[in-house]
file data.txt (compact mmCIF, C-alpha atoms and all ligand atoms)
# COMPACT_ATOMS: atom_id res chain seq x y z
CA MET V 1 0.00 0.00 0.00
CA PRO V 2 1.53 3.36 -0.98
CA PHE V 3 2.54 6.01 1.54
CA HIS V 4 0.32 9.10 1.27
CA THR V 5 1.84 12.22 2.82
CA ARG V 6 1.28 15.93 2.27
CA ILE V 7 4.35 15.84 0.06
CA THR V 8 3.15 13.00 -2.20
CA GLU V 9 -0.18 14.84 -2.52
CA MET V 10 1.36 18.28 -3.21
CA LEU V 11 3.89 17.01 -5.72
CA GLY V 12 1.67 14.35 -7.25
CA ILE V 13 4.33 11.67 -6.77
CA GLU V 14 3.90 8.00 -5.92
CA HIS V 15 6.54 7.70 -3.18
CA PRO V 16 7.73 10.25 -0.57
CA ILE V 17 11.32 10.13 -1.82
CA VAL V 18 13.18 13.11 -3.31
CA GLN V 19 16.59 13.31 -4.94
CA GLY V 20 18.49 16.25 -3.48
CA GLY V 21 19.98 19.04 -5.55
CA MET V 22 23.54 18.08 -6.45
CA GLN V 23 25.95 20.15 -8.46
CA SER V 24 27.37 18.17 -11.43
CA VAL V 25 25.21 15.16 -10.49
CA GLY V 26 21.58 16.38 -10.60
CA VAL V 27 21.32 16.19 -14.39
CA ALA V 28 18.42 15.00 -16.55
CA GLU V 29 19.48 11.32 -16.60
CA LEU V 30 19.39 10.97 -12.80
CA ALA V 31 16.44 13.28 -12.14
CA SER V 32 14.27 11.56 -14.76
CA ALA V 33 15.23 8.09 -13.45
CA VAL V 34 14.15 9.07 -9.93
CA SER V 35 10.91 10.65 -11.17
CA ASN V 36 10.11 7.71 -13.44
CA ALA V 37 10.56 5.42 -10.42
CA GLY V 38 7.86 7.31 -8.54
CA GLY V 39 10.01 9.78 -6.57
CA LEU V 40 10.89 13.39 -7.36
CA GLY V 41 14.10 13.97 -9.26
CA ILE V 42 15.55 17.48 -9.06
CA LEU V 43 17.48 19.10 -11.87
CA THR V 44 20.10 21.08 -10.01
CA ALA V 45 20.17 24.76 -10.91
CA LEU V 46 23.95 24.89 -11.06
CA THR V 47 23.99 22.13 -13.68
CA GLN V 48 21.95 24.40 -15.96
CA PRO V 49 23.36 27.19 -18.13
CA THR V 50 21.15 29.74 -16.27
CA PRO V 51 20.14 28.80 -12.68
CA ALA V 52 16.25 28.35 -12.07
CA GLU V 53 14.52 31.85 -9.56
CA ARG V 54 13.16 31.14 -6.09
CA LYS V 55 9.62 32.46 -5.75
CA GLY V 56 8.49 31.20 -2.37
CA VAL V 57 8.70 28.04 -0.34
CA ASP V 58 6.03 25.35 -0.29
CA ILE V 59 8.17 22.55 1.14
CA ILE V 60 11.22 22.69 3.36
CA SER V 61 14.07 20.16 3.38
CA ILE V 62 16.03 19.98 6.63
CA ASP V 63 19.56 18.55 6.60
CA GLY V 64 20.86 16.86 9.74
CA PHE V 65 24.52 16.71 10.74
CA GLU V 66 24.87 13.38 8.90
CA CYS V 67 24.44 14.94 5.46
CA ALA V 68 26.84 15.35 2.58
CA GLY V 69 27.50 18.95 1.66
CA HIS V 70 27.01 21.68 4.24
CA PRO V 71 25.62 20.45 7.60
CA GLY V 72 25.92 23.89 9.24
CA GLU V 73 27.87 24.72 12.36
CA ASP V 74 25.60 23.37 15.11
CA ASP V 75 26.22 19.63 14.66
CA ILE V 76 22.64 18.57 15.41
CA PRO V 77 21.85 15.07 14.10
CA GLY V 78 18.57 14.33 12.35
CA LEU V 79 17.17 12.40 15.30
CA ILE V 80 16.88 15.71 17.17
CA LEU V 81 16.79 18.26 14.35
CA ILE V 82 13.87 16.78 12.42
CA PRO V 83 11.38 16.58 15.34
CA ALA V 84 12.58 19.95 16.65
CA ALA V 85 11.90 21.47 13.22
CA ALA V 86 8.57 19.61 12.94
CA ASP V 87 7.46 21.34 16.14
CA LYS V 88 8.06 24.72 14.53
CA VAL V 89 7.42 24.38 10.80
CA LYS V 90 3.89 24.42 9.40
CA ILE V 91 4.66 23.65 5.75
CA PRO V 92 5.48 20.03 4.79
CA MET V 93 9.02 18.99 5.55
CA LEU V 94 11.47 16.54 3.99
CA ALA V 95 14.01 14.91 6.28
CA SER V 96 17.45 14.97 4.71
CA GLY V 97 20.89 13.71 5.69
CA GLY V 98 21.69 10.08 6.35
CA PHE V 99 18.70 8.50 4.60
CA GLY V 100 19.23 5.51 2.35
CA ASP V 101 16.81 2.72 3.13
CA GLY V 102 13.32 1.83 4.33
CA ARG V 103 14.33 2.05 7.98
CA GLY V 104 15.29 5.66 7.44
CA LEU V 105 12.04 6.41 5.63
CA VAL V 106 9.91 5.03 8.48
CA ALA V 107 12.05 6.90 11.00
CA ALA V 108 11.68 10.16 9.06
CA LEU V 109 7.89 9.80 8.89
CA SER V 110 7.86 9.00 12.62
CA LEU V 111 9.93 12.09 13.41
CA GLY V 112 7.40 14.37 11.72
CA ALA V 113 8.69 14.59 8.16
CA GLU V 114 6.49 13.82 5.14
CA GLY V 115 9.22 12.25 3.05
CA ILE V 116 12.96 11.91 2.63
CA ASN V 117 15.51 13.75 0.51
CA MET V 118 18.59 11.73 -0.43
CA GLY V 119 21.87 12.84 -1.97
CA THR V 120 24.67 10.36 -1.38
CA ARG V 121 22.46 7.29 -1.81
CA PHE V 122 21.35 8.45 -5.27
CA CYS V 123 25.01 9.00 -6.25
CA ALA V 124 25.50 5.24 -5.89
CA THR V 125 22.95 4.31 -8.55
CA VAL V 126 23.31 3.15 -12.13
CA GLU V 127 21.93 6.40 -13.53
CA ALA V 128 24.10 8.82 -11.50
CA PRO V 129 26.51 10.57 -13.91
CA ILE V 130 29.51 9.56 -11.80
CA HIS V 131 32.52 7.38 -12.70
CA PRO V 132 32.26 3.77 -11.40
CA ASN V 133 35.44 4.24 -9.29
CA VAL V 134 33.69 6.93 -7.24
CA LYS V 135 30.53 4.83 -6.90
CA GLN V 136 32.77 2.00 -5.64
CA LYS V 137 34.25 4.38 -3.05
CA TYR V 138 30.74 5.05 -1.67
CA ILE V 139 30.45 1.28 -1.12
CA GLU V 140 33.92 0.91 0.42
CA ASN V 141 33.59 3.83 2.82
CA ASP V 142 31.62 2.98 5.93
CA GLU V 143 29.75 5.31 8.32
CA ARG V 144 33.11 6.71 9.41
CA GLY V 145 34.07 7.39 5.80
CA SER V 146 33.59 11.13 5.65
CA HIS V 147 35.47 14.21 6.82
CA LEU V 148 34.27 17.59 7.99
CA ILE V 149 36.39 20.27 6.34
CA PHE V 150 36.33 24.10 6.37
CA ARG V 151 35.38 24.20 10.06
CA ASN V 152 38.03 26.93 10.48
CA PHE V 153 36.14 29.07 7.97
CA HIS V 154 32.68 28.51 9.55
CA ASN V 155 31.55 26.95 6.30
CA THR V 156 31.70 23.30 7.33
CA ALA V 157 31.46 20.76 4.53
CA ARG V 158 31.18 16.98 4.69
CA VAL V 159 33.16 15.14 2.00
CA GLY V 160 34.09 11.51 1.40
CA LYS V 161 37.20 10.11 3.08
CA SER V 162 40.08 9.67 0.64
CA ASP V 163 43.81 10.37 0.52
CA VAL V 164 43.03 13.87 -0.74
CA SER V 165 40.47 14.72 1.95
CA ASP V 166 42.87 13.27 4.57
CA GLU V 167 45.45 15.76 3.26
CA VAL V 168 42.93 18.64 3.39
CA VAL V 169 42.19 17.80 7.03
CA ARG V 170 45.91 17.62 7.79
CA ARG V 171 46.61 21.04 6.25
CA LEU V 172 43.61 22.66 7.96
CA LYS V 173 44.73 21.41 11.39
CA ASN V 174 47.13 24.33 11.36
CA PRO V 175 45.22 27.09 13.22
CA ASP V 176 46.70 29.68 10.84
CA ALA V 177 45.60 27.79 7.72
CA THR V 178 43.81 29.77 5.03
CA PHE V 179 41.69 28.65 2.12
CA GLU V 180 44.70 29.17 -0.15
CA ASP V 181 46.42 26.25 1.61
CA VAL V 182 43.83 23.81 0.25
CA ARG V 183 42.38 25.61 -2.76
CA GLU V 184 43.91 23.33 -5.39
CA LEU V 185 42.65 20.22 -3.56
CA VAL V 186 39.05 21.35 -3.06
CA SER V 187 38.26 23.37 -6.17
CA GLY V 188 34.94 22.69 -7.88
CA VAL V 189 36.74 22.10 -11.18
CA ALA V 190 38.89 19.39 -9.53
CA GLY V 191 35.81 17.78 -7.99
CA LYS V 192 34.01 17.72 -11.35
CA GLU V 193 37.05 16.11 -12.98
CA LEU V 194 37.15 13.50 -10.19
CA LEU V 195 33.49 12.57 -10.80
CA GLU V 196 34.08 12.31 -14.56
CA THR V 197 37.41 10.46 -14.62
CA GLY V 198 37.15 8.40 -11.43
CA ASP V 199 40.65 9.58 -10.48
CA LEU V 200 40.31 10.08 -6.72
CA SER V 201 43.62 11.94 -6.56
CA LYS V 202 42.08 14.87 -8.47
CA GLY V 203 40.07 16.42 -5.64
CA VAL V 204 37.36 15.83 -3.06
CA PHE V 205 33.84 14.44 -3.50
CA TRP V 206 30.71 15.12 -1.47
CA ALA V 207 29.55 12.17 0.64
CA GLY V 208 27.61 11.67 3.84
CA MET V 209 27.66 9.25 6.76
CA VAL V 210 25.02 7.16 4.97
CA GLN V 211 27.91 5.56 3.06
CA GLY V 212 27.81 3.05 5.94
CA LEU V 213 24.45 1.83 4.59
CA ILE V 214 25.45 1.66 0.92
CA HIS V 215 26.39 -1.82 -0.30
CA ASP V 216 25.38 -1.88 -3.97
CA ILE V 217 24.70 0.15 -7.12
CA PRO V 218 21.03 -0.41 -8.00
CA THR V 219 18.99 1.47 -10.59
CA CYS V 220 16.92 4.31 -9.13
CA ALA V 221 13.78 2.24 -9.67
CA GLN V 222 15.27 -0.77 -7.83
CA LEU V 223 16.41 1.49 -4.98
CA ILE V 224 13.07 3.25 -4.56
CA ASP V 225 11.08 0.00 -4.83
CA ARG V 226 13.35 -1.55 -2.20
CA ILE V 227 13.03 1.39 0.18
CA ILE V 228 9.24 1.31 -0.07
CA ALA V 229 9.10 -2.50 0.35
CA GLU V 230 11.38 -2.30 3.42
CA ALA V 231 9.32 0.50 4.93
CA GLU V 232 6.10 -1.43 4.37
CA ALA V 233 7.60 -4.58 5.93
CA ILE V 234 8.72 -2.62 9.00
CA LEU V 235 5.23 -1.24 9.53
CA ASP V 236 3.24 -4.34 8.55
CA ASP V 237 5.45 -7.04 10.05
CA ARG V 238 8.04 -5.84 12.55
CA LEU V 239 6.09 -3.07 14.26
CA ALA V 240 2.71 -4.75 13.83
CA ALA V 241 4.10 -7.85 15.59
CA MET V 242 5.16 -5.67 18.52
CA ARG V 243 1.60 -4.37 18.79
CA ARG V 244 -0.07 -7.81 19.16
CA PRO V 245 -1.91 -8.36 22.41
CA ALA V 246 0.41 -10.00 24.94
CA GLN V 247 0.14 -13.79 24.94
CA GLN V 248 -1.90 -15.15 27.81
CA PRO V 249 0.11 -17.40 30.16
CA ALA V 250 -0.84 -21.06 29.77
CA ARG V 251 -3.63 -22.08 32.14
CA VAL V 252 -2.90 -24.82 34.64
CA ALA V 253 -5.97 -27.00 35.14
C1 LIG C 1 27.52 14.82 -4.89
C2 LIG C 1 26.69 15.78 -4.09
C3 LIG C 1 26.55 17.10 -4.53
C4 LIG C 1 25.78 18.00 -3.81
N1 LIG C 1 25.64 19.28 -4.29
C5 LIG C 1 24.84 20.16 -3.62
C6 LIG C 1 24.63 21.48 -4.14
O1 LIG C 1 25.17 21.85 -5.18
N2 LIG C 1 23.82 22.31 -3.43
C7 LIG C 1 23.21 21.91 -2.28
O2 LIG C 1 22.48 22.71 -1.67
N3 LIG C 1 23.39 20.67 -1.77
C8 LIG C 1 24.18 19.79 -2.42
N4 LIG C 1 24.34 18.52 -1.92
C9 LIG C 1 23.58 18.11 -0.71
C10 LIG C 1 22.31 17.32 -1.10
O3 LIG C 1 21.40 18.11 -1.84
C11 LIG C 1 21.58 16.79 0.13
O4 LIG C 1 21.12 17.87 0.93
C12 LIG C 1 22.46 15.88 0.98
O5 LIG C 1 23.24 15.05 0.14
C13 LIG C 1 21.61 15.01 1.91
O6 LIG C 1 22.41 14.19 2.70
P1 LIG C 1 22.80 12.65 2.30
O7 LIG C 1 23.91 12.77 1.33
O8 LIG C 1 23.16 12.03 3.59
O9 LIG C 1 21.57 12.04 1.66
C14 LIG C 1 25.13 17.59 -2.61
C15 LIG C 1 25.29 16.27 -2.17
C16 LIG C 1 26.06 15.37 -2.88
C17 LIG C 1 26.19 13.94 -2.38
call {"tool": "encode", "arguments": {"input": "data.txt", "output": "structure tokens"}}
result
Amino acid sequence: MPFHTRITEMLGIEHPIVQGGMQSVGVAELASAVSNAGGLGILTALTQPTPAERKGVDIISIDGFECAGHPGEDDIPGLILIPAAADKVKIPMLASGGFGDGRGLVAALSLGAEGINMGTRFCATVEAPIHPNVKQKYIENDERGSHLIFRNFHNTARVGKSDVSDEVVRRLKNPDATFEDVRELVSGVAGKELLETGDLSKGVFWAGMVQGLIHDIPTCAQLIDRIIAEAEAILDDRLAAMRRPAQQPARVA
């Protein structure tokens, strides 16, 4: 049975699963694969020749500390951030950061969100326009496989663990470090080249803690179908079984 939330109703989508905006990655091939699989694929403005104008907000996506990209400076994980935001926000909310399977979807809905937004998990799909070497790195890295960089500059970013991001962390440990000390390692051009060539020595790549839950490279349709099936099984089997009336103790005649 499908999940109906305010977000599936508003967007007219089958499943409450959204592909996050991702520079260099959120192109037509990935976005259409996600949308054709019943989710919402997002064409990322910065992948377009002229970025698309914001005219108001109907839905908000909240990123927890676990996320790839910019988790902010407060380090609040989704388990706290999502319900805290749900208490304050009236418009429908997507939970983002650390989501990759049906367990996460059920948790997000329980925490007050109306769907999930995923970035890293969609990078490890057949349709993602990313070199297979990088997709393999998402599988190899576990939940410890990311680094926070740019803390010194109050512009914290979470990237995948690699020799290059190890080196960025090492250089930024110096309290006097400036952006110039790491510029050539973290440039957007270098990151784009890394995604295209699969040469991990070229730069850094965005990746979240959810790498610890990534073990394969499915198509977007396989991934979304699996997430929905897992979520349904959790509700219909696992949780339903916990809600059975307690068994009566055997009567002794
Ligand atoms: C490869 C990649 C590129 C991203 N690029 C952007 C971006 O250009 N702008 C942005 O706001 N967020 C960007 N993000 C963040 C995602 O939109 C999303 O918020 C985040 O990935 C969610 O966390 P998760 O990776 O744990 O699913 C990017 C994430 C990844 C993995």
call {"tool": "residues_near_ligand", "arguments": {"input": "data.txt", "ligand": "ligand LIG 1 (chain C)", "cutoff": "9 Å", "atoms": "all atoms listed in the file", "output": "PyMOL selection string"}}
result
chain V and resi 19-26+44-47+61-71+95-100+116-123+130+159+195+205-211
call {"tool": "residues_around", "arguments": {"input": "data.txt", "residues": "Glu127 in chain V", "least_positions_apart": "6", "cutoff": "12 Å", "atoms": "only C-alpha atoms", "output": "list of chain:residue names"}}
result
V:Val25, V:Gly26, V:Val27, V:Ala28, V:Glu29, V:Leu30, V:Ala31, V:Ser32, V:Ala33, V:Val34, V:Asn36, V:Ala37, V:Gly41, V:Arg121, V:Lys135, V:Ile217, V:Pro218, V:Thr219, V:Cys220, V:Ala221, V:Gln222, V:Leu223
call {"tool": "atom_distance", "arguments": {"input": "data.txt", "atom1": "CA of Gly78 in chain V", "atom2": "CA of Gly112 in chain V"}}
result
11.2 Å
call {"tool": "atom_distance", "arguments": {"input": "data.txt", "atom1": "CA of Thr156 in chain V", "atom2": "CA of Gly72 in chain V"}}
result
6.1 Å
call {"tool": "atom_distance", "arguments": {"input": "data.txt", "atom1": "CA of Glu193 in chain V", "atom2": "CA of Lys137 in chain V"}}
result
15.6 Å
call {"tool": "closest_residue", "arguments": {"input": "data.txt", "among": "V:Ala229, V:Val164, V:Ala240, V:Leu235", "to": "Asp101 in chain V", "atoms": "all atoms listed in the file"}}
result
V:Ala229
call {"tool": "closest_residue", "arguments": {"input": "data.txt", "among": "V:Lys202, V:Arg151, V:Arg158, V:Arg171", "to": "Leu185 in chain V", "atoms": "only C-alpha atoms"}}
result
V:Lys202
call {"tool": "residues_around", "arguments": {"input": "data.txt", "residues": "Gly102 in chain V", "least_positions_apart": "6", "cutoff": "8 Å", "atoms": "all atoms listed in the file", "output": "PDB file with C-alpha atoms, in the frame of the given file"}}
result
ATOM      1  CA  ARG V 226      13.350  -1.550  -2.200  1.00  0.00           C
ATOM      2  CA  ILE V 227      13.030   1.390   0.180  1.00  0.00           C
ATOM      3  CA  ILE V 228       9.240   1.310  -0.070  1.00  0.00           C
ATOM      4  CA  ALA V 229       9.100  -2.500   0.350  1.00  0.00           C
ATOM      5  CA  GLU V 230      11.380  -2.300   3.420  1.00  0.00           C
ATOM      6  CA  ALA V 231       9.320   0.500   4.930  1.00  0.00           C
ATOM      7  CA  GLU V 232       6.100  -1.430   4.370  1.00  0.00           C
ATOM      8  CA  ILE V 234       8.720  -2.620   9.000  1.00  0.00           C
TER       9      ILE V 234
END
call {"tool": "axis_aligned_box", "arguments": {"input": "data.txt", "around": "range 97-111 of chain V", "padding_each_side": "3 Å", "output": "JSON"}}
result
{"center_x": 14.8, "center_y": 7.8, "center_z": 7.9, "size_x": 19.8, "size_y": 17.9, "size_z": 17.1}
